[in-house]
Every structure is written in structure tokens, then in C-alpha cells.
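Chemist: Next comes the structure file my_file34.csv, holding CSV, C-alpha atoms.
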chain,number,residue,atom,x,y,z
A,1,MET,CA,-1.5,-0.9,-19.5
A,2,SER,CA,-2.7,1.6,-16.9
A,3,GLU,CA,-0.5,4.4,-15.7
A,4,VAL,CA,-0.4,2.9,-12.2
A,5,ALA,CA,0.7,-0.4,-13.6
A,6,ARG,CA,3.4,1.3,-15.7
A,7,ARG,CA,4.7,3.1,-12.7
A,8,LEU,CA,4.8,-0.1,-10.7
A,9,LEU,CA,6.6,-1.8,-13.6
A,10,ASP,CA,9.2,0.9,-13.6
A,11,LEU,CA,9.8,0.3,-9.9
A,12,PHE,CA,9.9,-3.5,-10.3
A,13,THR,CA,12.3,-3.4,-13.3
A,14,SER,CA,14.7,-0.8,-11.8
A,15,GLY,CA,17.0,-3.6,-10.5
A,16,SER,CA,16.7,-2.5,-6.9
A,17,LEU,CA,14.5,-5.4,-6.0
A,18,GLU,CA,15.7,-9.0,-5.9
A,19,PRO,CA,13.6,-11.9,-7.3
A,20,GLY,CA,11.3,-13.3,-4.7
A,21,THR,CA,11.1,-10.0,-2.8
A,22,ARG,CA,7.9,-9.5,-0.9
A,23,LEU,CA,6.5,-6.2,-2.1
A,24,PRO,CA,5.1,-3.4,0.1
A,25,SER,CA,1.4,-3.6,1.0
A,26,GLU,CA,-1.3,-2.1,-1.2
A,27,ARG,CA,-1.7,0.7,1.4
A,28,GLN,CA,2.1,1.5,1.2
A,29,LEU,CA,2.2,1.4,-2.6
A,30,ALA,CA,-0.9,3.5,-2.8
A,31,SER,CA,0.6,6.1,-0.5
A,32,SER,CA,4.0,6.2,-2.3
A,33,LEU,CA,2.2,6.6,-5.7
A,34,ALA,CA,-0.4,9.0,-4.4
A,35,VAL,CA,-3.3,6.9,-5.8
A,36,GLY,CA,-6.1,4.9,-4.3
A,37,ARG,CA,-5.8,1.3,-3.1
A,38,SER,CA,-8.2,0.1,-5.7
A,39,ALA,CA,-6.0,1.5,-8.5
A,40,VAL,CA,-3.0,-0.4,-7.0
A,41,ARG,CA,-5.0,-3.6,-6.6
A,42,GLU,CA,-6.1,-3.4,-10.3
A,43,ALA,CA,-2.6,-2.7,-11.4
A,44,LEU,CA,-1.1,-5.6,-9.5
A,45,ALA,CA,-3.8,-7.9,-10.9
A,46,ALA,CA,-2.8,-6.8,-14.4
A,47,LEU,CA,0.9,-7.4,-13.6
A,48,GLU,CA,0.1,-10.8,-12.3
A,49,ILE,CA,-1.6,-11.8,-15.5
A,50,ILE,CA,1.5,-11.0,-17.6
A,51,GLY,CA,3.8,-12.7,-15.1
A,52,ILE,CA,5.4,-9.8,-13.3
A,53,VAL,CA,4.3,-10.5,-9.8
A,54,ASP,CA,2.9,-13.5,-7.8
A,55,VAL,CA,-0.1,-12.7,-5.6
A,56,ARG,CA,-0.3,-15.2,-2.7
A,57,PRO,CA,-3.5,-14.8,-0.6
A,58,GLY,CA,-2.6,-14.5,3.0
A,59,SER,CA,1.1,-14.1,2.3
A,60,GLY,CA,1.4,-11.0,0.1
A,61,THR,CA,2.6,-10.1,-3.3
A,62,PHE,CA,6.1,-11.2,-4.5
A,63,LEU,CA,8.3,-10.2,-7.4
A,64,ARG,CA,8.7,-13.2,-9.8
A,65,GLY,CA,12.1,-12.8,-11.6
A,66,GLN,CA,15.0,-10.7,-12.7
A,67,ALA,CA,14.4,-7.3,-14.1
A,68,SER,CA,14.8,-8.4,-17.8
A,69,GLU,CA,12.4,-11.3,-17.1
A,70,LEU,CA,9.7,-9.1,-15.7
A,71,LEU,CA,8.8,-7.3,-18.9
A,72,PRO,CA,5.6,-8.3,-20.7
A,73,GLN,CA,6.0,-11.9,-21.9
A,74,THR,CA,3.3,-11.4,-24.5
A,75,LEU,CA,6.0,-9.5,-26.6
A,76,ARG,CA,7.7,-12.9,-27.0
A,77,TRP,CA,11.2,-11.5,-26.9
A,78,GLY,CA,14.1,-13.3,-25.3
A,79,LEU,CA,14.4,-10.5,-22.8
A,80,LEU,CA,17.8,-11.7,-21.5
A,81,ILE,CA,20.3,-9.2,-23.0
A,82,GLY,CA,23.0,-11.0,-24.8
A,83,GLU,CA,25.1,-9.2,-27.4
A,84,LYS,CA,23.0,-10.3,-30.3
A,85,ASN,CA,19.7,-9.4,-28.7
A,86,THR,CA,21.1,-6.1,-27.6
A,87,SER,CA,22.2,-5.3,-31.1
A,88,GLU,CA,18.6,-6.1,-32.3
A,89,LEU,CA,17.1,-3.9,-29.6
A,90,ILE,CA,19.4,-1.0,-30.6
A,91,GLU,CA,18.1,-1.3,-34.2
A,92,LEU,CA,14.5,-1.6,-33.0
A,93,ARG,CA,14.9,1.5,-30.8
A,94,ALA,CA,16.3,3.5,-33.7
A,95,GLY,CA,13.4,2.6,-35.9
A,96,LEU,CA,10.8,3.5,-33.3
A,97,GLU,CA,12.5,6.8,-32.3
A,98,ILE,CA,12.8,7.8,-36.0
A,99,TYR,CA,9.1,7.1,-36.5
A,100,VAL,CA,8.2,9.0,-33.3
A,101,ALA,CA,10.1,12.0,-34.5
A,102,ARG,CA,8.3,11.9,-37.9
A,103,LEU,CA,4.9,11.8,-36.1
A,104,ALA,CA,5.9,14.5,-33.6
A,105,ALA,CA,6.6,17.0,-36.3
A,106,THR,CA,2.9,17.3,-37.0
A,107,ARG,CA,1.4,16.1,-33.7
A,108,ALA,CA,3.5,17.7,-30.9
A,109,SER,CA,1.8,20.6,-29.3
A,110,ASP,CA,3.5,23.9,-28.7
A,111,ALA,CA,3.8,23.0,-25.0
A,112,ALA,CA,5.5,19.7,-25.9
A,113,ARG,CA,7.9,21.5,-28.2
A,114,ALA,CA,8.8,23.9,-25.4
A,115,SER,CA,9.3,21.1,-23.0
A,116,LEU,CA,11.7,19.4,-25.5
A,117,ARG,CA,13.7,22.6,-25.9
A,118,ALA,CA,13.9,22.9,-22.1
A,119,HIS,CA,15.4,19.4,-21.9
A,120,VAL,CA,18.0,20.2,-24.5
A,121,GLN,CA,19.0,23.3,-22.5
A,122,GLU,CA,19.2,21.0,-19.4
A,123,MET,CA,21.5,18.7,-21.4
A,124,ARG,CA,23.7,21.7,-22.5
A,125,GLY,CA,23.8,23.1,-18.9
A,126,ALA,CA,24.8,19.8,-17.4
A,127,GLY,CA,28.5,20.5,-18.0
A,128,THR,CA,30.6,17.7,-16.8
A,129,ASP,CA,27.8,16.2,-14.8
A,130,LEU,CA,27.1,13.2,-17.2
A,131,ALA,CA,24.5,11.7,-14.9
A,132,ALA,CA,22.4,15.0,-15.1
A,133,PHE,CA,23.0,14.9,-18.9
A,134,ALA,CA,21.7,11.3,-19.1
A,135,ARG,CA,18.5,12.3,-17.1
A,136,ALA,CA,17.8,15.2,-19.4
A,137,ASP,CA,18.4,13.0,-22.4
A,138,LEU,CA,16.0,10.4,-21.2
A,139,SER,CA,13.4,13.0,-20.4
A,140,PHE,CA,13.7,14.4,-23.9
A,141,HIS,CA,12.9,11.0,-25.5
A,142,LEU,CA,10.2,10.2,-23.0
A,143,ASP,CA,8.4,13.5,-23.7
A,144,LEU,CA,8.9,13.1,-27.4
A,145,ALA,CA,7.2,9.7,-27.3
A,146,GLU,CA,4.4,11.2,-25.2
A,147,SER,CA,3.8,14.0,-27.7
A,148,VAL,CA,2.6,11.8,-30.5
A,149,GLU,CA,-0.3,10.4,-28.3
A,150,ASN,CA,0.1,6.8,-29.5
A,151,ALA,CA,-0.1,4.5,-26.5
A,152,THR,CA,1.0,1.4,-28.3
A,153,LEU,CA,4.1,3.1,-29.7
A,154,HIS,CA,4.8,4.6,-26.3
A,155,ASP,CA,4.6,1.2,-24.6
A,156,LEU,CA,6.9,-0.5,-27.2
A,157,LEU,CA,9.5,2.2,-26.7
A,158,HIS,CA,9.1,1.9,-22.9
A,159,VAL,CA,10.0,-1.9,-23.1
A,160,VAL,CA,12.9,-1.3,-25.4
A,161,ARG,CA,14.3,1.5,-23.2
A,162,SER,CA,13.9,-0.6,-20.1
A,163,LEU,CA,16.0,-3.4,-21.6
A,164,LEU,CA,18.7,-0.9,-22.8
A,165,GLN,CA,18.7,1.5,-19.9
A,166,VAL,CA,21.5,-0.2,-18.0
A,167,TYR,CA,23.7,0.7,-20.9
A,168,ALA,CA,22.1,4.0,-21.9
A,169,ASP,CA,22.8,5.5,-18.5
A,170,ARG,CA,26.5,5.0,-19.1
A,171,ALA,CA,26.7,5.6,-22.9
A,172,VAL,CA,28.1,9.1,-22.9
A,173,HIS,CA,31.6,9.0,-21.5
A,174,SER,CA,32.8,12.6,-22.1
A,175,ARG,CA,31.7,16.2,-22.4
A,176,GLU,CA,32.7,16.0,-26.1
A,177,GLU,CA,30.3,13.2,-26.7
A,178,ALA,CA,27.6,15.1,-24.8
A,179,GLU,CA,28.1,18.1,-27.0
A,180,VAL,CA,27.6,16.0,-30.1
A,181,ALA,CA,24.4,14.6,-28.6
A,182,VAL,CA,23.2,18.1,-27.7
A,183,ARG,CA,23.7,19.3,-31.3
A,184,GLU,CA,21.8,16.2,-32.6
A,185,HIS,CA,18.9,16.9,-30.3
A,186,GLU,CA,18.8,20.5,-31.3
A,187,ALA,CA,18.6,19.4,-35.0
A,188,VAL,CA,15.5,17.3,-34.0
A,189,THR,CA,13.8,20.2,-32.2
A,190,ASP,CA,14.6,22.6,-35.1
A,191,ALA,CA,12.8,20.2,-37.4
A,192,LEU,CA,9.9,19.8,-35.0
A,193,ASP,CA,9.5,23.6,-34.7
A,194,ALA,CA,9.5,23.8,-38.5
A,195,ARG,CA,6.8,21.0,-38.6
A,196,ASP,CA,8.9,19.1,-41.1
A,197,PRO,CA,8.4,15.3,-40.7
A,198,ALA,CA,11.2,14.4,-43.2
A,199,ALA,CA,13.7,16.6,-41.5
A,200,ALA,CA,12.7,15.4,-38.1
A,201,ALA,CA,13.1,11.8,-39.1
A,202,SER,CA,16.4,12.5,-40.8
A,203,ALA,CA,17.8,14.3,-37.7
A,204,MET,CA,16.7,11.5,-35.4
A,205,ALA,CA,18.2,8.9,-37.7
A,206,ALA,CA,21.5,10.8,-37.5
A,207,HIS,CA,21.3,10.8,-33.7
A,208,MET,CA,20.4,7.1,-33.5
A,209,VAL,CA,23.5,6.3,-35.6
A,210,THR,CA,25.9,7.9,-33.1
A,211,ALA,CA,23.8,6.8,-30.0
A,212,GLY,CA,23.7,3.3,-31.3
A,213,GLU,CA,27.4,3.2,-31.9
A,214,ARG,CA,28.0,4.3,-28.3
A,215,LEU,CA,25.7,1.7,-26.9
A,216,ALA,CA,27.2,-1.1,-29.1
A,217,ARG,CA,30.8,-0.2,-27.9
A,218,LEU,CA,29.6,-0.3,-24.3
A,219,VAL,CA,28.1,-3.7,-24.8
A,220,GLU,CA,31.3,-5.0,-26.4
A,221,ASP,CA,33.4,-3.7,-23.6
A,222,GLY,CA,31.1,-5.3,-21.1
What does this structure look like when you write it as C-alpha cells?

Modeler:
Amino acid sequence: MSEVARRLLDLFTSGSLEPGTRLPSERQLASSLAVGRSAVREALAALEIIGIVDVRPGSGTFLRGQASELLPQTLRWGLLIGEKNTSELIELRAGLEIYVARLAATRASDAARASLRAHVQEMRGAGTDLAAFARADLSFHLDLAESVENATLHDLLHVVRSLLQVYADRAVHSREEAEVAVREHEAVTDALDARDPAAAASAMAAHMVTAGERLARLVEDG
């Protein structure tokens, strides 16, 4: 999927748009994304093919369904997050993140490693601002996935995160939990700096255990 299509998908699955909403014009979308209208047109065509939008000649482009229903149907997941499905997604995310960490130990550039360190510092500096912590946490994992330069793996993680994000944004409830997460992320970056795939995978596995437990509790509590 093109970068423009991915950015549009992020917008459409953010939960801020209701099903059936008429989307802004190609000109407006091109302006907001700082890309050409042809790129927006091609991206919308791709999103129509996988069932995200409905292009109606003479009427405009409309969002087809709820956020969880908008993700690529070719993945053949249920996409509506019930407790069982969420549990499976948490497990899948853990496996993908661990594999990404293993790959990043040998593939991530020096610049990527520096960016990851910066995100950990942002997490540590967030203090009691848990929203800022969550943003830095997400940025860490996004940049980690980017660093391995595997578009398919990146896209799979993107879909899983989109489904779990409503919970992930609220998963850390206290500064104490945030401090644990900071130490876990530091262990990952230490292993990456050492270019040790086994240590990176092990550190990420430990982080996924505690992160998964927090998400599971949040799902149970509703």
C-alpha cells in the first residue's frame, strides 16, 4: 500500500469519522497531506478496492463502515474486537514485535538507533503526563518497525496496532507502570546498540509480557 493510502487509512480509522461520512474533496485531501491530487486519487482507488471507501461518481467519496471494519478485508480477520479476538491480537502483536526487535539488531542504522534512544528519553521525561508517554511509546515502536525495512512486516504491525490502539493509549495507568516500561525499552535499545539479536528479542519478549498483561486487564475491565 502506498504511503498516501496508509496516511489516509490512519485518518479514516482514527474513529473521528462516522460511517457514511462524505470525505473531503481530492483537492482538500491533497492540500492537507501536502501531496498531488493524482496521488490522492490513486490512493482512494486502492482503498476502494479493499472496501475502505465508496466512490460515487457525481456525489463524492464516502466512508464505508466502522473503524475496525475499515481495515484490509484481505487479511480475513474478524476485525470486531471482542475479548477473544483481542487476546489473539495481543499474542500476534507480541510475536511480531519480538521478530522486529531481532531483525533490528542487525538492520537498524545508527540514525535509527539514535531515534529510538530519543523516544526512550521522551518517555522518561514525560513525568506524570501519561498521554505524552503513550505518544513516545508508540513512536518508539513505529520507528523500530521502520528500521528493519520490511514493508510487509510493517503493514501487519500497522493493522494490529490500529485494532489495539484504543486500548494501548490507555494501558499505562501510573508513573510506576511507565517507569517499568521505560526500563524495558532501555533493555531493548541496549541490545540493539550491542547488535545482539537474541538479547533484543529477549528484551522485547519481556516487554511484551507486561504490556500484554496491561492490555488484557484493560479489556477485561471494559

Chemist: Measuring atom to atom with all atoms listed in the file, identify which of A:Arg93, A:Arg22, A:Arg7, A:Arg102 is nearest to A:Ala194.

Modeler: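 Result for the nearest residue to A:Ala194: A:Arg102.
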
Chemist: List as a PDB file with C-alpha atoms, keeping the file's coordinate frame: which residues have an atom within 10 Å of (18.3, 8.6, -34.3), counting only C-alpha atoms?

Modeler:
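Generated file (out-v4.pdb):
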ATOM      1  CA  GLU A  91      18.100  -1.300 -34.200  1.00  0.00           C
ATOM      2  CA  ARG A  93      14.900   1.500 -30.800  1.00  0.00           C
ATOM      3  CA  ALA A  94      16.300   3.500 -33.700  1.00  0.00           C
ATOM      4  CA  GLY A  95      13.400   2.600 -35.900  1.00  0.00           C
ATOM      5  CA  LEU A  96      10.800   3.500 -33.300  1.00  0.00           C
ATOM      6  CA  GLU A  97      12.500   6.800 -32.300  1.00  0.00           C
ATOM      7  CA  ILE A  98      12.800   7.800 -36.000  1.00  0.00           C
ATOM      8  CA  TYR A  99       9.100   7.100 -36.500  1.00  0.00           C
ATOM      9  CA  ALA A 101      10.100  12.000 -34.500  1.00  0.00           C
ATOM     10  CA  GLU A 184      21.800  16.200 -32.600  1.00  0.00           C
ATOM     11  CA  HIS A 185      18.900  16.900 -30.300  1.00  0.00           C
ATOM     12  CA  VAL A 188      15.500  17.300 -34.000  1.00  0.00           C
ATOM     13  CA  ALA A 200      12.700  15.400 -38.100  1.00  0.00           C
ATOM     14  CA  ALA A 201      13.100  11.800 -39.100  1.00  0.00           C
ATOM     15  CA  SER A 202      16.400  12.500 -40.800  1.00  0.00           C
ATOM     16  CA  ALA A 203      17.800  14.300 -37.700  1.00  0.00           C
ATOM     17  CA  MET A 204      16.700  11.500 -35.400  1.00  0.00           C
ATOM     18  CA  ALA A 205      18.200   8.900 -37.700  1.00  0.00           C
ATOM     19  CA  ALA A 206      21.500  10.800 -37.500  1.00  0.00           C
ATOM     20  CA  HIS A 207      21.300  10.800 -33.700  1.00  0.00           C
ATOM     21  CA  MET A 208      20.400   7.100 -33.500  1.00  0.00           C
ATOM     22  CA  VAL A 209      23.500   6.300 -35.600  1.00  0.00           C
ATOM     23  CA  THR A 210      25.900   7.900 -33.100  1.00  0.00           C
ATOM     24  CA  ALA A 211      23.800   6.800 -30.000  1.00  0.00           C
ATOM     25  CA  GLY A 212      23.700   3.300 -31.300  1.00  0.00           C
TER      26      GLY A 212
END

Chemist: Atom CA of A:Ala39 to atom CA of A:Leu156: how many Å, to one decimal?

Modeler: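 Atom CA of A:Leu156 lies 22.8 Å from atom CA of A:Ala39.
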
Chemist: Env of A:His141: 10 Å cut, atoms = all atoms listed in the file, seq-sep filter 3 positions within chain, self excluded. Answer as a list in words.

Modeler: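 Near A:His141, the qualifying residues are Glu97, Val100, Ala101, Leu116, His119, Ala136, Asp137, Leu138, Leu144, Ala145, Glu146, Ser147, Leu157, Arg161 and His185 of chain A.
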
Chemist: Rounded to one decimal place, report the atom CA of A:Ala181-atom CA of A:Glu149 distance in Å.

Modeler: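 Spanning atom CA of A:Ala181 to atom CA of A:Glu149 is a straight-line distance of 25.1 Å.
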
Chemist: Have a look at atom CA of A:Arg56 and atom CA of A:Thr21 and let me know their distance in Å, one decimal.

Modeler: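 Between atom CA of A:Arg56 and atom CA of A:Thr21 the gap works out to 12.5 Å.
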
Chemist: Name the closest residue to A:Leu23 among the candidates A:Val180, A:Leu63, A:Ala134, A:Leu192; distances are taken between atoms, counting only C-alpha atoms.

Modeler: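 So, comparing all the options, the nearest one is A:Leu63.
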
Chemist: So which residues are close to (10.4, -13.1, -5.3), meaning at most 9 Å away in the file's coordinates with all atoms listed in the file counted, and can you show them as a count of residues only?

Modeler: 14

Chemist: Tell me, as number ranges by chain, which residues lie within 12 Å of A:Gln121, counting all atoms listed in the file; anything in the same chain fewer than 5 positions away does not count.

Modeler: A: 114-116, 126-127, 132-133, 136-137, 139-140, 179, 181-183, 185-186, 189

Chemist: Counting all atoms listed in the file, which of A:Glu48, A:Asp193, A:Glu88, A:Glu26 gets nearest to A:Leu164?

Modeler: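 Among the listed residues, A:Glu88 lies closest to A:Leu164.
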
Chemist: Counting all atoms listed in the file, which of A:Glu220, A:Asp110, A:Asp10, A:Asp143 gets nearest to A:Val159?

Modeler: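 For A:Val159, the nearest of the given residues is A:Asp10.
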
Chemist: In terms of the shortest atom-to-atom distance over all atoms listed in the file, which of A:Leu92, A:Ala178, A:Ser87, A:Leu218 is closest to A:Glu122?

Modeler: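 Nearest candidate to A:Glu122 out of A:Leu92, A:Ala178, A:Ser87, A:Leu218: A:Ala178.
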
Chemist: Start from the incomplete input, build N, CA and C atoms for stretch 35-65 of chain A, and deliver everything as a short mmCIF file (atom, residue, chain, number, x, y, z; two decimals), keeping the file's coordinate frame.

Modeler:
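Saved file out-v6.cif follows:
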data_model
loop_
_atom_site.label_atom_id
_atom_site.label_comp_id
_atom_site.auth_asym_id
_atom_site.auth_seq_id
_atom_site.Cartn_x
_atom_site.Cartn_y
_atom_site.Cartn_z
N VAL A 35 -2.07 7.35 -5.10
CA VAL A 35 -3.30 6.90 -5.80
C VAL A 35 -4.10 6.07 -4.79
N GLY A 36 -5.30 5.68 -5.19
CA GLY A 36 -6.10 4.90 -4.30
C GLY A 36 -5.71 3.43 -4.29
N ARG A 37 -6.11 2.73 -3.23
CA ARG A 37 -5.80 1.30 -3.10
C ARG A 37 -6.39 0.48 -4.19
N SER A 38 -7.58 0.86 -4.63
CA SER A 38 -8.20 0.10 -5.70
C SER A 38 -7.44 0.16 -6.98
N ALA A 39 -6.82 1.32 -7.26
CA ALA A 39 -6.00 1.50 -8.50
C ALA A 39 -4.77 0.56 -8.38
N VAL A 40 -4.17 0.49 -7.20
CA VAL A 40 -3.00 -0.40 -7.00
C VAL A 40 -3.42 -1.84 -7.13
N ARG A 41 -4.56 -2.19 -6.57
CA ARG A 41 -5.00 -3.60 -6.60
C ARG A 41 -5.27 -4.00 -8.09
N GLU A 42 -5.89 -3.11 -8.88
CA GLU A 42 -6.10 -3.40 -10.30
C GLU A 42 -4.82 -3.53 -11.07
N ALA A 43 -3.86 -2.65 -10.74
CA ALA A 43 -2.60 -2.70 -11.40
C ALA A 43 -1.81 -3.96 -11.11
N LEU A 44 -1.83 -4.38 -9.86
CA LEU A 44 -1.10 -5.60 -9.50
C LEU A 44 -1.80 -6.83 -10.13
N ALA A 45 -3.12 -6.79 -10.27
CA ALA A 45 -3.80 -7.90 -10.90
C ALA A 45 -3.37 -7.99 -12.40
N ALA A 46 -3.22 -6.83 -13.05
CA ALA A 46 -2.80 -6.80 -14.40
C ALA A 46 -1.34 -7.35 -14.54
N LEU A 47 -0.48 -6.94 -13.61
CA LEU A 47 0.90 -7.40 -13.60
C LEU A 47 1.04 -8.86 -13.30
N GLU A 48 0.09 -9.39 -12.53
CA GLU A 48 0.10 -10.80 -12.30
C GLU A 48 -0.24 -11.62 -13.52
N ILE A 49 -1.16 -11.10 -14.30
CA ILE A 49 -1.60 -11.80 -15.50
C ILE A 49 -0.42 -11.94 -16.50
N ILE A 50 0.41 -10.90 -16.60
CA ILE A 50 1.50 -11.00 -17.60
C ILE A 50 2.80 -11.50 -16.92
N GLY A 51 2.69 -12.00 -15.70
CA GLY A 51 3.80 -12.70 -15.10
C GLY A 51 4.83 -11.90 -14.36
N ILE A 52 4.48 -10.66 -13.98
CA ILE A 52 5.40 -9.80 -13.30
C ILE A 52 5.49 -10.10 -11.81
N VAL A 53 4.32 -10.30 -11.20
CA VAL A 53 4.30 -10.50 -9.80
C VAL A 53 3.47 -11.81 -9.49
N ASP A 54 3.61 -12.31 -8.27
CA ASP A 54 2.90 -13.50 -7.80
C ASP A 54 2.10 -13.09 -6.57
N VAL A 55 0.79 -13.06 -6.70
CA VAL A 55 -0.10 -12.70 -5.60
C VAL A 55 -0.44 -13.97 -4.81
N ARG A 56 -0.03 -14.04 -3.54
CA ARG A 56 -0.30 -15.20 -2.70
C ARG A 56 -1.25 -14.82 -1.58
N PRO A 57 -2.51 -15.22 -1.67
CA PRO A 57 -3.50 -14.80 -0.60
C PRO A 57 -2.99 -15.23 0.76
N GLY A 58 -3.04 -14.27 1.66
CA GLY A 58 -2.60 -14.50 3.00
C GLY A 58 -1.14 -14.32 3.26
N SER A 59 -0.36 -14.25 2.18
CA SER A 59 1.10 -14.10 2.30
C SER A 59 1.61 -12.77 1.79
N GLY A 60 0.98 -12.27 0.72
CA GLY A 60 1.40 -11.00 0.10
C GLY A 60 1.69 -11.16 -1.35
N THR A 61 2.32 -10.13 -1.91
CA THR A 61 2.60 -10.10 -3.30
C THR A 61 4.16 -10.11 -3.49
N PHE A 62 4.64 -10.97 -4.40
CA PHE A 62 6.10 -11.20 -4.50
C PHE A 62 6.51 -10.95 -5.99
N LEU A 63 7.75 -10.45 -6.12
CA LEU A 63 8.30 -10.20 -7.40
C LEU A 63 8.78 -11.59 -7.98
N ARG A 64 8.50 -11.84 -9.26
CA ARG A 64 8.70 -13.20 -9.80
C ARG A 64 10.15 -13.43 -10.27
N GLY A 65 10.80 -12.48 -10.95
CA GLY A 65 12.10 -12.80 -11.60
C GLY A 65 13.01 -11.62 -11.66
#
